[in-house]
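Shown below: coords17.cif, with mmCIF, C-alpha atoms and all ligand atoms.
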```
data_upload
loop_
_atom_site.label_atom_id
_atom_site.label_comp_id
_atom_site.auth_asym_id
_atom_site.auth_seq_id
_atom_site.Cartn_x
_atom_site.Cartn_y
_atom_site.Cartn_z
CA MET Q 1 3.64 -29.91 10.23
CA ASN Q 2 4.41 -26.93 12.43
CA ALA Q 3 1.81 -25.03 14.42
CA ARG Q 4 1.88 -21.97 12.22
CA LYS Q 5 1.30 -24.01 9.11
CA GLN Q 6 -1.53 -25.90 10.79
CA ARG Q 7 -3.16 -22.69 11.95
CA ALA Q 8 -2.84 -21.10 8.53
CA ILE Q 9 -4.36 -24.10 6.82
CA ALA Q 10 -7.25 -24.22 9.28
CA MET Q 11 -7.85 -20.51 8.80
CA MET Q 12 -7.80 -20.85 5.04
CA GLU Q 13 -10.28 -23.71 5.18
CA ILE Q 14 -12.74 -21.69 7.22
CA LYS Q 15 -12.35 -18.43 5.38
CA GLY Q 16 -12.22 -19.58 1.83
CA HIS Q 17 -12.53 -23.37 1.69
CA CYS Q 18 -9.05 -23.24 0.38
CA SER Q 19 -5.70 -24.86 1.10
CA GLN Q 20 -2.22 -24.26 -0.17
CA ILE Q 21 -0.55 -27.15 -2.00
CA ASP Q 22 2.83 -25.52 -2.47
CA SER Q 23 4.10 -21.99 -2.91
CA ASP Q 24 2.51 -21.57 -6.36
CA ASN Q 25 -0.61 -23.73 -6.12
CA PHE Q 26 -3.79 -23.53 -4.09
CA SER Q 27 -6.73 -25.90 -3.91
CA VAL Q 28 -10.17 -24.28 -3.62
CA ARG Q 29 -13.39 -26.16 -2.91
CA SER Q 30 -16.24 -25.68 -5.36
CA GLN Q 31 -19.21 -23.95 -3.80
CA SER Q 32 -21.82 -25.63 -6.00
CA ASN Q 33 -20.42 -29.13 -5.53
CA PRO Q 34 -18.34 -29.51 -2.35
CA LYS Q 35 -16.80 -32.72 -3.67
CA ASN Q 36 -15.05 -30.81 -6.42
CA ARG Q 37 -11.84 -28.91 -5.89
CA TYR Q 38 -10.10 -26.60 -8.30
CA THR Q 39 -6.42 -25.85 -8.42
CA VAL Q 40 -5.54 -22.18 -8.67
CA SER Q 41 -1.96 -21.67 -9.87
CA LYS Q 42 0.33 -18.70 -10.04
CA THR Q 43 1.64 -17.86 -13.50
CA GLU Q 44 3.57 -15.00 -15.07
CA ASN Q 45 0.23 -13.53 -16.14
CA GLY Q 46 -1.44 -13.80 -12.77
CA LEU Q 47 -3.54 -16.59 -11.29
CA ARG Q 48 -5.12 -19.35 -13.36
CA CYS Q 49 -7.97 -21.67 -12.35
CA GLN Q 50 -9.29 -25.00 -13.64
CA CYS Q 51 -12.98 -24.12 -13.34
CA LYS Q 52 -15.39 -23.54 -16.20
CA ASP Q 53 -15.86 -19.87 -15.44
CA TYR Q 54 -12.14 -19.32 -15.89
CA THR Q 55 -11.62 -21.59 -18.88
CA CYS Q 56 -14.65 -20.25 -20.81
CA ARG Q 57 -14.68 -16.60 -19.89
CA LYS Q 58 -10.95 -16.21 -19.14
CA ALA Q 59 -12.29 -14.31 -16.16
CA ASP Q 60 -11.02 -13.86 -12.64
CA CYS Q 61 -13.37 -16.47 -11.14
CA LYS Q 62 -14.44 -16.62 -7.51
CA HIS Q 63 -11.74 -19.20 -6.72
CA ILE Q 64 -9.06 -16.81 -7.91
CA LYS Q 65 -10.68 -14.07 -5.84
CA ILE Q 66 -10.56 -16.28 -2.74
CA VAL Q 67 -6.86 -17.01 -3.28
CA LEU Q 68 -6.10 -13.33 -3.92
CA GLU Q 69 -7.84 -12.41 -0.68
CA ILE Q 70 -5.78 -14.99 1.23
CA ILE Q 71 -2.49 -13.78 -0.22
CA LYS Q 72 -3.50 -10.17 0.41
CA ASN Q 73 -4.14 -10.93 4.09
CA ASN Q 74 -0.92 -12.94 4.34
CA GLN Q 75 -2.78 -16.00 5.58
CA CYS Q 76 -0.69 -18.48 3.63
CA TYR Q 77 1.54 -20.82 5.55
CA ARG Q 78 4.34 -19.75 3.25
CA ASN Q 79 5.01 -16.10 2.70
CA ASN Q 80 3.62 -15.31 -0.72
CA THR Q 81 4.28 -12.21 -2.75
CA PHE Q 82 1.14 -10.17 -3.35
CA ARG Q 83 1.34 -8.81 -6.86
CA ILE Q 84 -0.39 -5.61 -7.94
CA MET Q 85 -0.68 -6.02 -11.69
CA GLU Q 86 -1.02 -3.44 -14.45
CA ARG Q 87 -4.74 -3.78 -14.70
CA SER Q 88 -5.15 -1.99 -18.04
CA LYS Q 89 -2.87 -4.59 -19.67
CA LEU Q 90 -4.90 -7.56 -18.44
CA SER Q 91 -7.77 -7.28 -20.98
CA LEU Q 92 -10.49 -7.93 -18.44
CA CYS Q 93 -13.92 -6.33 -18.28
CA LYS Q 94 -14.06 -3.45 -15.83
CA TYR Q 95 -17.44 -4.58 -14.47
CA CYS Q 96 -17.53 -8.40 -14.44
CA ASP Q 97 -13.83 -9.35 -14.89
CA SER Q 98 -14.64 -11.37 -17.99
CA GLY Q 99 -11.82 -11.89 -20.46
CA LYS Q 100 -14.26 -11.90 -23.38
CA ILE Q 101 -13.94 -8.29 -24.47
CA ARG Q 102 -13.52 -6.74 -27.88
CA LYS Q 103 -12.53 -3.34 -29.22
CA ASP Q 104 -15.52 -1.10 -29.73
CA GLY Q 105 -14.43 2.03 -31.56
CA MET Q 106 -12.80 5.15 -30.22
CA ARG Q 107 -14.14 7.61 -27.70
CA ASN Q 108 -13.47 11.30 -28.09
CA THR Q 109 -12.20 12.92 -24.93
CA LYS Q 110 -10.45 16.17 -24.10
CA LYS Q 111 -7.20 14.21 -24.10
CA GLY Q 112 -7.90 12.95 -27.63
CA LYS Q 113 -9.19 9.63 -28.91
CA VAL Q 114 -9.31 6.75 -26.45
CA GLN Q 115 -9.88 3.09 -27.30
CA ARG Q 116 -13.22 1.80 -26.08
CA PHE Q 117 -14.01 -1.84 -25.28
CA LYS Q 118 -17.20 -3.87 -25.05
CA CYS Q 119 -17.70 -6.89 -22.81
CA LEU Q 120 -19.36 -9.82 -24.57
CA ASP Q 121 -20.63 -11.20 -21.26
CA CYS Q 122 -22.21 -8.24 -19.50
CA LYS Q 123 -22.49 -6.12 -22.68
CA LYS Q 124 -21.15 -3.01 -20.95
CA ARG Q 125 -18.70 -0.62 -22.59
CA PHE Q 126 -15.64 0.87 -20.93
CA THR Q 127 -12.24 2.46 -21.45
CA THR Q 128 -9.13 1.25 -19.64
CA ASN Q 129 -7.67 4.45 -18.20
CA PHE Q 130 -9.01 3.36 -14.80
CA GLY Q 131 -8.80 6.04 -12.16
CA PHE Q 132 -8.10 8.82 -14.65
CA GLU Q 133 -11.35 8.68 -16.64
CA LYS Q 134 -12.57 12.22 -16.08
CA LYS Q 135 -9.22 13.95 -15.98
CA GLN Q 136 -8.30 16.48 -18.64
CA ASN Q 137 -4.61 15.68 -18.35
CA ASP Q 138 -2.68 12.62 -19.28
CA ASP Q 139 -2.10 10.07 -16.51
CA SER Q 140 1.68 10.41 -16.85
CA ILE Q 141 1.44 14.15 -16.07
CA ILE Q 142 -0.71 13.41 -13.03
CA THR Q 143 1.47 10.61 -11.68
CA GLY Q 144 4.57 12.65 -12.52
CA SER Q 145 3.21 15.42 -10.31
CA LEU Q 146 2.67 13.01 -7.43
CA GLU Q 147 6.20 11.69 -7.76
CA MET Q 148 7.73 15.19 -7.85
CA TYR Q 149 5.61 16.38 -4.94
CA PHE Q 150 6.60 13.58 -2.61
CA SER Q 151 10.23 13.85 -3.72
CA GLY Q 152 10.13 17.27 -2.08
CA MET Q 153 8.99 19.79 -4.71
CA SER Q 154 6.22 22.26 -3.90
CA VAL Q 155 3.09 22.40 -6.04
CA ARG Q 156 4.24 25.78 -7.39
CA ASP Q 157 7.64 24.32 -8.34
CA ILE Q 158 5.91 21.52 -10.22
CA SER Q 159 3.54 23.90 -12.00
CA ARG Q 160 6.53 26.01 -13.11
CA GLN Q 161 8.42 22.92 -14.22
CA TYR Q 162 5.56 21.82 -16.45
CA ARG Q 163 5.10 25.31 -17.88
CA ARG Q 164 8.71 25.19 -19.08
CA MET Q 165 7.74 22.04 -20.93
CA GLY Q 166 4.79 23.81 -22.53
CA ILE Q 167 2.17 22.23 -20.29
CA LYS Q 168 -0.11 24.57 -18.38
CA ILE Q 169 -1.39 23.29 -15.04
CA SER Q 170 -2.22 25.45 -12.05
CA HIS Q 171 -0.66 24.65 -8.71
CA MET Q 172 -4.16 24.26 -7.24
CA THR Q 173 -4.93 21.51 -9.74
CA ILE Q 174 -1.72 19.75 -8.73
CA TYR Q 175 -2.65 20.06 -5.07
CA ARG Q 176 -6.05 18.51 -5.77
CA TRP Q 177 -4.44 15.59 -7.62
CA VAL Q 178 -2.05 14.99 -4.74
CA ALA Q 179 -4.86 15.01 -2.16
CA GLN Q 180 -7.27 12.94 -4.24
CA TYR Q 181 -4.84 10.23 -5.33
CA SER Q 182 -3.09 10.02 -1.95
CA LYS Q 183 -6.44 9.13 -0.43
CA LEU Q 184 -7.50 6.75 -3.19
CA GLY Q 185 -4.16 4.92 -3.37
CA SER Q 186 -3.60 4.57 0.35
CA GLU Q 187 -7.12 3.27 1.00
CA TYR Q 188 -6.26 0.41 -1.32
CA VAL Q 189 -2.70 -0.43 -0.25
CA GLU Q 190 -3.58 -0.26 3.44
CA LYS Q 191 -5.76 -3.34 2.97
CA ILE Q 192 -2.71 -5.40 1.98
CA VAL Q 193 -0.87 -6.98 4.91
CA PRO Q 194 2.89 -6.43 4.53
CA ARG Q 195 5.13 -9.42 5.27
CA VAL Q 196 7.21 -7.95 8.04
CA GLY Q 197 9.84 -9.19 10.48
CA ASP Q 198 9.68 -9.46 14.25
CA TRP Q 199 11.14 -6.11 15.28
CA ILE Q 200 9.11 -2.92 15.25
CA ARG Q 201 10.50 0.57 15.79
CA ALA Q 202 8.55 3.63 16.90
CA ASP Q 203 9.35 7.33 17.04
CA GLU Q 204 7.80 10.80 16.81
CA ALA Q 205 8.75 13.64 14.48
CA PHE Q 206 7.77 17.30 14.83
CA ILE Q 207 5.63 18.68 12.06
CA ARG Q 208 4.14 22.14 11.88
CA VAL Q 209 0.43 22.15 11.02
CA ASN Q 210 -1.16 25.53 10.39
CA GLY Q 211 1.66 27.14 12.35
CA LYS Q 212 1.31 24.86 15.37
CA MET Q 213 3.66 22.10 16.46
CA ASN Q 214 2.37 18.59 15.97
CA TYR Q 215 3.83 15.14 16.37
CA LEU Q 216 3.84 12.52 13.70
CA PHE Q 217 3.83 9.18 15.51
CA SER Q 218 5.26 6.42 13.34
CA THR Q 219 6.06 2.74 13.46
CA MET Q 220 8.42 0.98 11.08
CA ASP Q 221 9.35 -2.64 10.50
CA ASP Q 222 13.05 -3.10 11.21
CA GLU Q 223 13.73 -5.74 8.58
CA THR Q 224 11.90 -4.40 5.53
CA ARG Q 225 11.91 -0.67 6.49
CA PHE Q 226 8.21 -0.68 5.70
CA TRP Q 227 6.64 2.44 7.23
CA LEU Q 228 3.65 0.86 8.93
CA ILE Q 229 1.68 3.63 10.61
CA GLY Q 230 1.91 7.42 10.56
CA GLU Q 231 -0.49 9.29 12.82
CA MET Q 232 -0.61 12.99 13.60
CA ALA Q 233 -1.29 14.21 17.11
CA ASP Q 234 -0.89 17.46 19.00
CA THR Q 235 0.17 15.74 22.20
CA LYS Q 236 2.53 13.01 23.31
CA PHE Q 237 -0.06 11.56 25.66
CA GLN Q 238 -0.55 7.93 26.49
CA HIS Q 239 -3.64 7.28 24.38
CA GLN Q 240 -1.70 8.35 21.31
CA ALA Q 241 0.97 5.70 21.88
CA ASP Q 242 -1.75 3.12 22.54
CA LYS Q 243 -3.52 4.03 19.33
CA LEU Q 244 -0.28 3.79 17.37
CA LEU Q 245 0.43 0.28 18.58
CA VAL Q 246 -3.14 -0.92 18.06
CA SER Q 247 -3.01 0.34 14.45
CA THR Q 248 0.35 -1.38 14.02
CA VAL Q 249 -0.99 -4.76 15.17
CA ASN Q 250 -4.04 -4.35 12.93
CA MET Q 251 -1.86 -3.62 9.95
CA THR Q 252 0.73 -6.39 10.44
CA GLN Q 253 -1.71 -8.92 11.93
CA LYS Q 254 0.87 -9.88 14.54
CA THR Q 255 2.71 -8.69 17.62
CA PRO Q 256 6.46 -8.09 17.41
CA ARG Q 257 9.12 -9.94 19.39
CA ALA Q 258 11.04 -6.73 19.99
CA PHE Q 259 9.91 -3.12 20.17
CA ILE Q 260 12.52 -0.37 19.90
CA THR Q 261 11.78 3.20 21.00
CA ASP Q 262 13.21 6.37 22.48
CA GLY Q 263 12.67 7.22 26.12
CA LEU Q 264 9.06 8.41 25.85
CA PRO Q 265 7.49 6.78 28.95
CA ALA Q 266 4.15 6.22 27.19
CA TYR Q 267 5.69 3.50 25.01
CA ALA Q 268 6.55 1.25 27.95
CA LYS Q 269 2.95 1.14 29.17
CA SER Q 270 1.52 0.82 25.67
CA ALA Q 271 3.88 -2.01 24.77
CA LYS Q 272 2.69 -4.02 27.78
CA ARG Q 273 -0.95 -3.19 27.19
CA VAL Q 274 -1.12 -3.70 23.44
CA PHE Q 275 1.71 -6.10 22.57
CA GLY Q 276 1.72 -8.06 25.83
CA LYS Q 277 4.46 -9.48 28.02
CA GLU Q 278 6.07 -11.57 25.28
CA THR Q 279 7.33 -8.48 23.46
CA HIS Q 280 10.75 -7.29 24.57
CA HIS Q 281 10.75 -3.49 24.84
CA ILE Q 282 14.11 -1.83 24.18
CA SER Q 283 13.71 1.81 25.17
CA ASN Q 284 15.86 4.87 25.44
CA VAL Q 285 17.77 4.21 22.26
CA GLY Q 286 19.64 7.18 20.86
CA ILE Q 287 21.69 8.01 17.82
CA ASN Q 288 25.07 7.06 19.28
CA SER Q 289 25.56 3.46 20.14
CA ARG Q 290 28.46 4.11 22.52
CA ARG Q 291 27.48 4.99 26.05
CA LYS Q 292 29.65 6.53 28.77
CA SER Q 293 29.83 3.12 30.35
CA GLY Q 294 31.55 1.88 27.19
CA LYS Q 295 28.71 -0.54 26.49
CA ILE Q 296 27.22 -0.74 23.04
CA HIS Q 297 23.57 0.27 23.08
CA PRO Q 298 21.14 -0.29 20.21
CA THR Q 299 20.35 2.81 18.17
CA ASN Q 300 17.26 4.06 16.44
CA ASN Q 301 19.15 5.27 13.37
CA LYS Q 302 16.85 3.45 10.97
CA MET Q 303 13.92 5.33 12.41
CA GLU Q 304 15.89 8.58 12.40
CA ARG Q 305 16.45 8.12 8.73
CA LEU Q 306 12.72 7.91 8.06
CA ASN Q 307 12.08 10.95 10.24
CA GLY Q 308 14.84 12.77 8.36
CA GLU Q 309 13.05 12.06 5.09
CA ILE Q 310 9.85 13.43 6.58
CA ARG Q 311 11.55 16.58 7.87
CA ASP Q 312 13.22 17.12 4.48
CA ARG Q 313 9.73 17.49 3.11
CA GLU Q 314 8.91 20.61 5.09
CA LYS Q 315 7.82 22.13 1.79
CA VAL Q 316 5.40 19.29 1.25
CA PHE Q 317 3.76 20.03 4.57
CA ARG Q 318 4.01 23.81 4.52
CA GLY Q 319 0.45 24.07 3.30
CA LEU Q 320 -0.91 21.68 5.91
CA LYS Q 321 -4.07 23.07 7.41
CA LYS Q 322 -5.51 20.02 9.08
CA LYS Q 323 -4.18 17.08 11.03
CA ASP Q 324 -6.28 14.53 9.19
CA THR Q 325 -4.66 15.29 5.89
CA PRO Q 326 -4.35 12.65 3.17
CA LEU Q 327 -0.83 13.95 2.49
CA ILE Q 328 0.74 11.85 5.26
CA ALA Q 329 -0.89 8.76 3.75
CA GLY Q 330 0.39 9.85 0.34
CA LEU Q 331 3.92 10.31 1.63
CA LYS Q 332 3.77 6.89 3.25
CA LEU Q 333 2.56 5.37 -0.01
CA TRP Q 334 5.40 7.02 -1.92
CA TYR Q 335 8.01 5.99 0.65
CA ASN Q 336 6.86 2.35 0.78
CA PHE Q 337 5.92 1.71 -2.83
CA SER Q 338 7.70 4.12 -5.14
CA LYS Q 339 11.04 5.04 -3.66
CA GLU Q 340 13.95 2.64 -3.67
CA HIS Q 341 15.44 2.46 -0.21
CA GLY Q 342 19.19 2.99 0.16
CA GLY Q 343 19.28 0.78 3.24
CA LEU Q 344 17.84 -2.15 1.29
CA GLY Q 345 20.62 -2.38 -1.25
CA GLY Q 346 19.58 0.53 -3.44
CA ASP Q 347 17.09 -0.86 -5.93
CA VAL Q 348 14.42 -2.35 -3.70
CA THR Q 349 11.40 -0.53 -2.29
CA PRO Q 350 10.24 -1.31 1.27
CA SER Q 351 7.04 -2.81 -0.19
CA GLU Q 352 9.09 -5.17 -2.37
CA SER Q 353 11.09 -6.29 0.61
CA ALA Q 354 7.76 -6.81 2.42
CA LEU Q 355 6.65 -9.01 -0.54
CA ILE Q 356 4.15 -6.63 -2.11
CA LYS Q 357 5.18 -6.21 -5.73
CA VAL Q 358 3.82 -3.44 -7.91
CA ASP Q 359 4.15 -4.18 -11.64
CA GLY Q 360 5.30 -1.60 -14.18
CA ASP Q 361 7.74 1.30 -13.99
CA ASN Q 362 5.07 3.81 -13.03
CA LYS Q 363 4.08 2.51 -9.59
CA TRP Q 364 1.58 5.32 -9.04
CA LYS Q 365 -0.29 4.42 -12.21
CA THR Q 366 -0.53 0.72 -11.37
CA ILE Q 367 -1.69 1.44 -7.82
CA ILE Q 368 -4.24 4.06 -8.89
CA GLN Q 369 -5.74 1.76 -11.54
CA ASN Q 370 -6.21 -1.02 -9.02
CA ALA Q 371 -7.38 1.32 -6.28
CA SER Q 372 -9.99 2.83 -8.55
CA LEU Q 373 -11.44 -0.55 -9.54
CA TYR Q 374 -11.26 -1.71 -5.94
CA ARG Q 375 -13.23 1.31 -4.76
CA GLU Q 376 -15.86 0.93 -7.49
CA ASN Q 377 -16.34 -2.73 -6.68
CA SER Q 378 -16.59 -2.23 -2.94
CA VAL Q 379 -19.42 0.33 -2.94
ZN ZN S 401 -12.21 -20.88 -10.77
ZN ZN S 402 -18.38 -7.56 -18.32
#
```

Take the structure in this file and express it as C-alpha cells.
Ligand SMILES: [Zn+2]
Ligand SMILES: [Zn+2]
Amino acid sequence: MNARKQRAIAMMEIKGHCSQIDSDNFSVRSQSNPKNRYTVSKTENGLRCQCKDYTCRKADCKHIKIVLEIIKNNQCYRNNTFRIMERSKLSLCKYCDSGKIRKDGMRNTKKGKVQRFKCLDCKKRFTTNFGFEKKQNDDSIITGSLEMYFSGMSVRDISRQYRRMGIKISHMTIYRWVAQYSKLGSEYVEKIVPRVGDWIRADEAFIRVNGKMNYLFSTMDDETRFWLIGEMADTKFQHQADKLLVSTVNMTQKTPRAFITDGLPAYAKSAKRVFGKETHHISNVGINSRRKSGKIHPTNNKMERLNGEIRDREKVFRGLKKKDTPLIAGLKLWYNFSKEHGGLGGDVTPSESALIKVDGDNKWKTIIQNASLYRENSV
C-alpha cells in the first residue's frame, strides 16, 4: 500500500469512520453500533446504502452523506468523480431527504400550476423547482439569461432578444438574476475540491472597474484547464500574489510540483513562501516559445487563452462598479462548468476533466437546484 493510499485511508477513518473498498464501494461504520459496518455503493442513480434508514425510507442516510463529503473533498485514495445530480428528478424530500413522498395536488403560482409533494416522514409539503421558487419567470428563461450573459451578451442584448420572442423582461431583472445566481452557484461549487494535476499556472489580466484599471489575478490547473482562483486587485503588490497562492492551495488541497508564471517578481517570493521549496517555479514565460538564443522556452499560452476569454467579455464587465462583484465568480462558474473547452478535445468542460460531473443538459439548473438546497441546509 502506498503512502498516499495509507494517508487517505487514515484520514477517512478519522473524519467519517469510513474506508474505501474499491472505486465504487465504501465501508462506513455504524454510529449506534460500532461493530456494524455498512457498504455504500455507487450506482447509476446515485449512492446506495445497506442500512435500515436507506432501505426503509429510500433516503440519503448519514452514511451516504459521509461518503459524499469524502468524495467532495477528494479524500479518497482513488480519484473519484463527484457527481452533481438533477435534484428535482431524485424524488427526495426537500427537508429530510426521505424517499417516501407522494403527490399532493397542484399549487397555483404566477408561472401556472406547479406539482406539490408531501413527505410521509416529516409531513412537510414542497415543490421541486428548487432555487427558483419565488421567481415569476420560468427557470429555463433565467438560466438561458445566465448562459447568454457569460457567453458575452450584455443584459440589454438579452432583454431585446427575449422581447423578439414575445417575452418581456427588463435588463435590470436580468442583471439581478446574474448577480444572485452567480453568488449562489459559486458558493456551492467552490466547496468541491477539483481533481487537478501537478502544474499550476498564474497570470494577471487588466479589467476596468468603474473606469479604473484593475488586475484580475488568476490561477489555472495546467492539465484540466480548471480556472481555480480569480481575484480582483488594484495593485500588483506582493500580498496579492501571496493571497492568490494561499487561495489556490486551499481550493486544490495540495501544492503543485511546478508553477508557471510571467516575470512578475512577486510570484517568485510567493511561490517559496506559500508552496515551499519543493515546487519548481518556471517564470518569465511568454507567448513565443523560441528565444533569441534558439532555445525552446515554455509558454503561458494556456493562461493567455483564459485571459483572452475574460477580455472578450468586456461587455460583461462594463457595468462593474465594485471589485468584490459576484460576476467574476459567475464567469468562473460558467467557464469551468458550462462551457466545453476547445483545448480539452471539444466536448469536455474543465470541471468534467477535473472529475466533477454535472448531470443534465442545463448545467446552470442542476447547479442552482443543488446550491439552493445546500444553502438552506447549512443555515
Ligand atoms: Zn446508511
Ligand atoms: Zn421530509

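The nearest approach to ligand ZN 402 (chain S) among the residues Q:Ser91, Q:Asn137, Q:Asn129, Q:Gln50, with only C-alpha atoms and all ligand atoms taken into account, belongs to Q:Ser91.
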
Contacts of segment 99-101 of chain Q within 10 Å, all atoms listed in the file, excl. fewer than 6 positions in-chain, as a ChimeraX atom specification: /Q:54-60,90-93,117-126

Selection within 9 Å of ligand ZN 401 (chain S) by only C-alpha atoms and all ligand atoms, output as a PyMOL selection string: chain Q and resi 28+30+38-40+48-55+59-65

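For the set Q:Ile328, Q:Val155, Q:Cys96, Q:Ala233, the residue with the smallest atom-to-atom gap to ligand ZN 402 (chain S) is Q:Cys96, counting all atoms listed in the file.
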
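A straight line drawn from atom CA of Asn25 of chain Q to atom CA of Asp97 of chain Q is 21.4 Å long.
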
Residue among Q:Gln136, Q:Tyr95, Q:Lys42, Q:Gln161 lying closest to ligand ZN 402 (chain S), counting all atoms listed in the file: Q:Tyr95

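Relative to atom CA of Arg225 of chain Q, atom CA of Gly346 of chain Q is found at 12.6 Å.
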
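Minimum distance to Ser372 of chain Q across Q:Asp157, Q:Glu187, Q:Asp222, Q:Asp359 (counting all atoms listed in the file) occurs at Q:Glu187.
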
Long-range neighbours of Asp138 of chain Q as a PyMOL selection string, 7 Å cut-off, all atoms listed in the file, 3 positions minimum in chain: chain Q and resi 111+141-142

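Distance check against ligand ZN 402 (chain S) using all atoms listed in the file: of Q:Met85, Q:Glu147, Q:Arg102, Q:Gly342, the minimum falls on Q:Arg102.
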
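The neighbours of segment 276-287 of chain Q here are the residues that come within 10 Å of it, using only C-alpha atoms and leaving out any residue fewer than 5 positions away in the same chain; they are Asp198, Trp199, Ile200, Arg201, Ala202, Thr255, Pro256, Arg257, Ala258, Phe259, Ile260, Thr261, Asp262, Gly263, Leu264, Pro265, Tyr267, Ala268, Lys269, Ser270, Ala271, His297, Pro298, Thr299, Asn300, Asn301, Lys302, Met303 and Glu304 of chain Q.
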
Give as a short mmCIF file (atom, residue, chain, number, x, y, z; two decimals) with C-alpha atoms, keeping the file's coordinate frame the set of residues within 10 Å of the point (-1.9, -11.1, 8.3), where distances use the file's coordinates and all atoms listed in the file.
```cif
data_model
loop_
_atom_site.label_atom_id
_atom_site.label_comp_id
_atom_site.auth_asym_id
_atom_site.auth_seq_id
_atom_site.Cartn_x
_atom_site.Cartn_y
_atom_site.Cartn_z
CA ILE Q 70 -5.78 -14.99 1.23
CA ILE Q 71 -2.49 -13.78 -0.22
CA LYS Q 72 -3.50 -10.17 0.41
CA ASN Q 73 -4.14 -10.93 4.09
CA ASN Q 74 -0.92 -12.94 4.34
CA GLN Q 75 -2.78 -16.00 5.58
CA CYS Q 76 -0.69 -18.48 3.63
CA ILE Q 192 -2.71 -5.40 1.98
CA VAL Q 193 -0.87 -6.98 4.91
CA PRO Q 194 2.89 -6.43 4.53
CA ARG Q 195 5.13 -9.42 5.27
CA VAL Q 196 7.21 -7.95 8.04
CA VAL Q 249 -0.99 -4.76 15.17
CA ASN Q 250 -4.04 -4.35 12.93
CA MET Q 251 -1.86 -3.62 9.95
CA THR Q 252 0.73 -6.39 10.44
CA GLN Q 253 -1.71 -8.92 11.93
CA LYS Q 254 0.87 -9.88 14.54
#
```

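Taking all atoms listed in the file, the non-local environment of His171 of chain Q within 9 Å (same-chain residues fewer than 4 positions away omitted) comprises Ser154, Val155, Arg156, Asp157, Ile158, Ser159, Arg160, Tyr175 and Arg176 of chain Q.
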
Residue subset to file, keeping C-alpha atoms, as a short mmCIF file (atom, residue, chain, number, x, y, z; two decimals), in the coordinates of the input:
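Just written: out-v6.cif:
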```
data_model
loop_
_atom_site.label_atom_id
_atom_site.label_comp_id
_atom_site.auth_asym_id
_atom_site.auth_seq_id
_atom_site.Cartn_x
_atom_site.Cartn_y
_atom_site.Cartn_z
CA SER Q 154 6.22 22.26 -3.90
CA VAL Q 155 3.09 22.40 -6.04
CA ARG Q 156 4.24 25.78 -7.39
CA ASP Q 157 7.64 24.32 -8.34
CA ILE Q 158 5.91 21.52 -10.22
CA SER Q 159 3.54 23.90 -12.00
CA ARG Q 160 6.53 26.01 -13.11
CA TYR Q 175 -2.65 20.06 -5.07
CA ARG Q 176 -6.05 18.51 -5.77
#
```

If the box runs along x, y and z of the file and leaves 5 Å on each side of segment 356-360 of chain Q, what are its centre and edge lengths in Å, one decimal, as JSON?
```
{"center_x": 4.6, "center_y": -4.1, "center_z": -8.1, "size_x": 11.5, "size_y": 15.0, "size_z": 22.1}
```

Residue list as a list in words for point (7.0, 2.0, 4.7), cut-off 10 Å, all atoms listed in the file: Pro194, Ser218, Thr219, Met220, Asp221, Thr224, Arg225, Phe226, Trp227, Leu228, Ile229, Gly230, Leu306, Leu331, Lys332, Leu333, Trp334, Tyr335, Asn336, Phe337, Lys339, His341, Thr349, Pro350, Ser351 and Ala354 of chain Q

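The nearest approach to Leu146 of chain Q among the residues Q:Ile21, Q:Met106, Q:Val358, Q:Leu327, with all atoms listed in the file taken into account, belongs to Q:Leu327.
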
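Atom CA of Ser353 of chain Q is found 8.4 Å from atom CA of Glu223 of chain Q.
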